[in-house]
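Undergrad: My structure is stored as my_file30.cif, with mmCIF, C-alpha atoms.
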```
data_work
#
loop_
_atom_site.label_atom_id
_atom_site.label_comp_id
_atom_site.auth_asym_id
_atom_site.auth_seq_id
_atom_site.Cartn_x
_atom_site.Cartn_y
_atom_site.Cartn_z
CA MET A 12 0.00 0.00 0.00
CA SER A 13 1.39 3.37 -0.96
CA ALA A 14 1.88 6.26 1.43
CA ARG A 15 -0.86 8.20 -0.35
CA GLN A 16 -3.38 5.35 0.19
CA ILE A 17 -2.45 5.08 3.86
CA LEU A 18 -2.94 8.81 4.35
CA GLN A 19 -6.26 8.69 2.44
CA LYS A 20 -7.45 5.86 4.72
CA LEU A 21 -6.47 7.85 7.82
CA TYR A 22 -8.25 10.91 6.40
CA ASP A 23 -11.45 8.96 5.67
CA LYS A 24 -11.38 7.35 9.11
CA LYS A 25 -10.97 10.72 10.84
CA GLN A 26 -13.77 12.28 8.75
CA ALA A 27 -16.10 9.43 9.74
CA GLU A 28 -15.14 10.03 13.37
CA ILE A 29 -15.88 13.76 13.01
CA ALA A 30 -19.25 13.02 11.39
CA GLU A 31 -20.15 10.74 14.33
CA LEU A 32 -19.13 13.42 16.84
CA GLU A 33 -21.16 16.06 14.97
CA SER A 34 -24.16 13.73 15.11
CA GLN A 35 -23.71 13.32 18.86
CA LEU A 36 -23.39 17.11 19.23
CA ALA A 37 -26.63 17.67 17.28
CA GLN A 38 -28.42 15.15 19.52
CA ALA A 39 -27.07 16.85 22.65
CA LYS A 40 -28.24 20.26 21.38
CA ALA A 41 -31.71 18.88 20.64
CA TYR A 42 -31.85 17.41 24.16
CA LEU A 43 -30.80 20.75 25.64
CA GLN A 44 -33.47 22.58 23.61
CA ALA A 45 -36.11 20.14 24.86
CA ILE A 46 -35.08 20.87 28.45
CA GLN A 47 -35.29 24.63 27.82
CA ASP A 48 -38.76 24.24 26.28
CA SER A 49 -39.87 22.23 29.31
CA ILE A 50 -38.62 24.93 31.66
CA LYS A 51 -40.55 27.60 29.75
CA ALA A 52 -43.73 25.51 29.88
CA MET A 53 -43.64 25.17 33.67
CA PRO A 54 -45.22 27.82 35.90
CA ARG A 55 -42.83 30.06 37.77
CA GLU A 56 -42.14 29.38 41.42
CA SER A 57 -43.95 31.56 43.93
CA ALA A 58 -40.68 33.23 45.01
CA GLU A 59 -40.15 34.32 41.42
CA ALA A 60 -43.77 35.45 41.24
CA GLU A 61 -43.27 37.73 44.23
CA GLN A 62 -40.41 39.44 42.41
CA ALA A 63 -42.21 39.55 39.05
CA LEU A 64 -44.70 42.18 40.26
CA ARG A 65 -43.31 45.57 41.17
CA ALA A 66 -44.51 46.92 44.48
CA GLY A 67 -47.16 49.60 44.21
CA THR A 68 -48.50 48.54 40.81
CA ASN A 69 -52.13 47.66 40.15
CA LEU A 70 -51.11 44.03 39.58
CA ALA A 71 -49.29 43.84 42.93
CA HIS A 72 -52.30 45.44 44.63
CA THR A 73 -54.63 42.97 42.88
CA ARG A 74 -52.49 40.07 44.10
CA GLU A 75 -52.72 41.36 47.69
CA ILE A 76 -56.50 41.76 47.39
CA LEU A 77 -56.96 38.25 46.00
CA LYS A 78 -54.73 36.80 48.73
CA ALA A 79 -56.79 38.56 51.40
CA TYR A 80 -60.11 37.52 49.81
CA GLY A 81 -58.92 33.94 49.41
CA LYS A 82 -60.78 33.06 46.22
CA PRO A 83 -61.21 34.33 42.63
CA MET A 84 -62.95 37.67 42.17
CA HIS A 85 -64.72 39.39 39.28
CA ILE A 86 -62.85 42.35 37.81
CA SER A 87 -65.54 44.76 39.11
CA GLU A 88 -65.05 43.45 42.67
CA ILE A 89 -61.28 43.84 42.36
CA LEU A 90 -61.61 47.44 41.15
CA LYS A 91 -64.07 48.20 43.96
CA ALA A 92 -61.62 46.76 46.52
CA MET A 93 -58.84 48.89 45.01
CA GLY A 94 -61.01 52.00 45.33
CA LYS A 95 -60.91 52.67 41.60
CA PRO A 96 -63.90 53.66 39.49
CA ILE A 97 -65.58 50.72 37.79
CA ASP A 98 -65.52 52.13 34.30
CA LYS A 99 -64.65 50.61 30.95
CA LYS A 100 -61.12 52.05 30.89
CA ASN A 101 -60.14 50.60 34.29
CA ARG A 102 -61.85 47.25 33.60
CA LEU A 103 -60.10 46.80 30.25
CA SER A 104 -56.73 47.91 31.53
CA LEU A 105 -56.64 45.66 34.58
CA SER A 106 -58.33 42.65 32.99
CA GLY A 107 -55.93 42.86 30.02
CA SER A 108 -52.92 42.82 32.31
CA LEU A 109 -54.32 39.98 34.40
CA ALA A 110 -55.22 38.00 31.29
CA THR A 111 -51.64 38.29 30.02
CA TYR A 112 -50.31 36.70 33.19
CA ALA A 113 -53.07 34.08 33.14
CA ARG A 114 -52.25 33.08 29.53
CA ARG A 115 -48.60 32.64 30.49
CA LYS A 116 -49.71 30.66 33.56
CA GLU A 117 -47.90 33.08 35.86
CA ILE A 118 -49.31 34.27 39.19
CA PHE A 119 -52.93 34.73 38.02
CA VAL A 120 -55.51 32.36 36.55
CA ARG A 121 -58.76 33.17 34.78
CA THR A 122 -61.51 31.03 36.32
CA ALA A 123 -64.43 32.51 34.39
CA PRO A 124 -64.99 35.48 32.09
CA ASN A 125 -63.53 38.58 33.81
CA THR A 126 -62.93 36.55 36.96
CA PHE A 127 -59.38 36.07 38.18
CA GLY A 128 -57.70 34.20 40.99
CA LEU A 129 -54.20 33.24 41.99
CA ILE A 130 -52.52 30.08 40.76
CA GLU A 131 -51.61 29.29 44.36
CA PHE A 132 -55.34 28.88 45.14
CA GLY A 133 -55.29 25.75 42.99
CA VAL A 134 -58.56 26.77 41.34
CA ALA A 135 -58.98 25.41 37.84
CA PRO A 136 -60.72 27.45 35.16
CA LYS A 137 -64.33 26.47 34.51
CA GLU A 138 -64.49 24.02 31.63
CA MET A 139 -66.79 24.73 28.74
CA SER A 140 -69.49 22.13 28.31
CA GLU A 141 -69.35 20.28 25.02
CA ASP A 142 -73.14 19.89 25.03
CA LEU A 143 -75.24 22.59 23.45
CA PRO A 144 -78.30 23.97 25.18
CA GLU A 145 -81.58 22.36 24.17
CA ASN A 146 -82.86 25.56 22.55
CA PHE A 147 -79.63 26.21 20.62
CA GLY A 148 -80.35 27.30 17.06
CA SER A 149 -84.08 27.84 17.55
CA ARG A 150 -85.72 31.22 17.17
CA GLN A 151 -87.20 32.62 20.29
#
```
Translate this structure into structure tokens?

TA:
Amino acid sequence: MSARQILQKLYDKKQAEIAELESQLAQAKAYLQAIQDSIKAMPRESAEAEQALRAGTNLAHTREILKAYGKPMHISEILKAMGKPIDKKNRLSLSGSLATYARRKEIFVRTAPNTFGLIEFGVAPKEMSEDLPENFGSRQ
């Protein structure tokens, strides 16, 4: 076997080794990405939740009110407890902010339309019934 053939064999062997290592690296990166996705899907810990809301904000005040009340409240009740006027502007502003946290499954949960609670209450949102009302589709 010539020197050139020996070197070519060594080259091919090393390239196969590199290809195998690159495959292992790609698998490790995919595994790491799956772990990151799992972390993002999990709700934040309550210690993180405490820090996530700045003191003095409407959301922090809402959290205190809900903790004191101990169960989910309608947006109008929350505004009343905050001493704010129950007008469209305040309802939309606060419910929009609460809904954002609820969608991300952080701190707040929406238990019914315009009704919010804290995740720590362990209250699940009301499930929609798959059955239609008996008079659905009829003219009244």

Undergrad: Write out as JSON, numbers by chain the residues lying within 6 Å of stretch 71-85 of chain A, counting only C-alpha atoms and excluding same-chain residues fewer than 6 positions away.

TA: {"A": [64, 125, 126, 127, 128]}

Undergrad: Running the PyMOL selection byres ((chain A and resi 102) around 12) on this model by hand, what would come out? Give it as a VMD selection string.

TA: chain A and resid 69 85 to 91 93 95 to 101 103 to 110 125 to 126

Undergrad: For atom CA of A:Gly133 and atom CA of A:Ile50, determine how far apart the two atoms are, in Å to one decimal place.

TA: 20.2 Å

Undergrad: In Å, how far is it from atom CA of A:Tyr112 to atom CA of A:Gly67?

TA: 17.3 Å

Undergrad: When you draw a straight line from atom CA of A:Ile46 to atom CA of A:Ile118, how long is it in Å?

TA: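 Separating atom CA of A:Ile46 from atom CA of A:Ile118 is a distance of 22.3 Å.
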
Undergrad: Out of A:Gly94, A:Ala66, A:Pro54, A:Ala37, which residue has the shortest atom-to-atom distance to A:Val120 when counting all atoms listed in the file?

TA: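 Of all the options, A:Pro54 lies closest to A:Val120.
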
Undergrad: Measuring atom to atom with only C-alpha atoms, identify which of A:Glu28, A:Glu117, A:Glu33, A:Asp23 is nearest to A:Ala52.

TA: A:Glu117
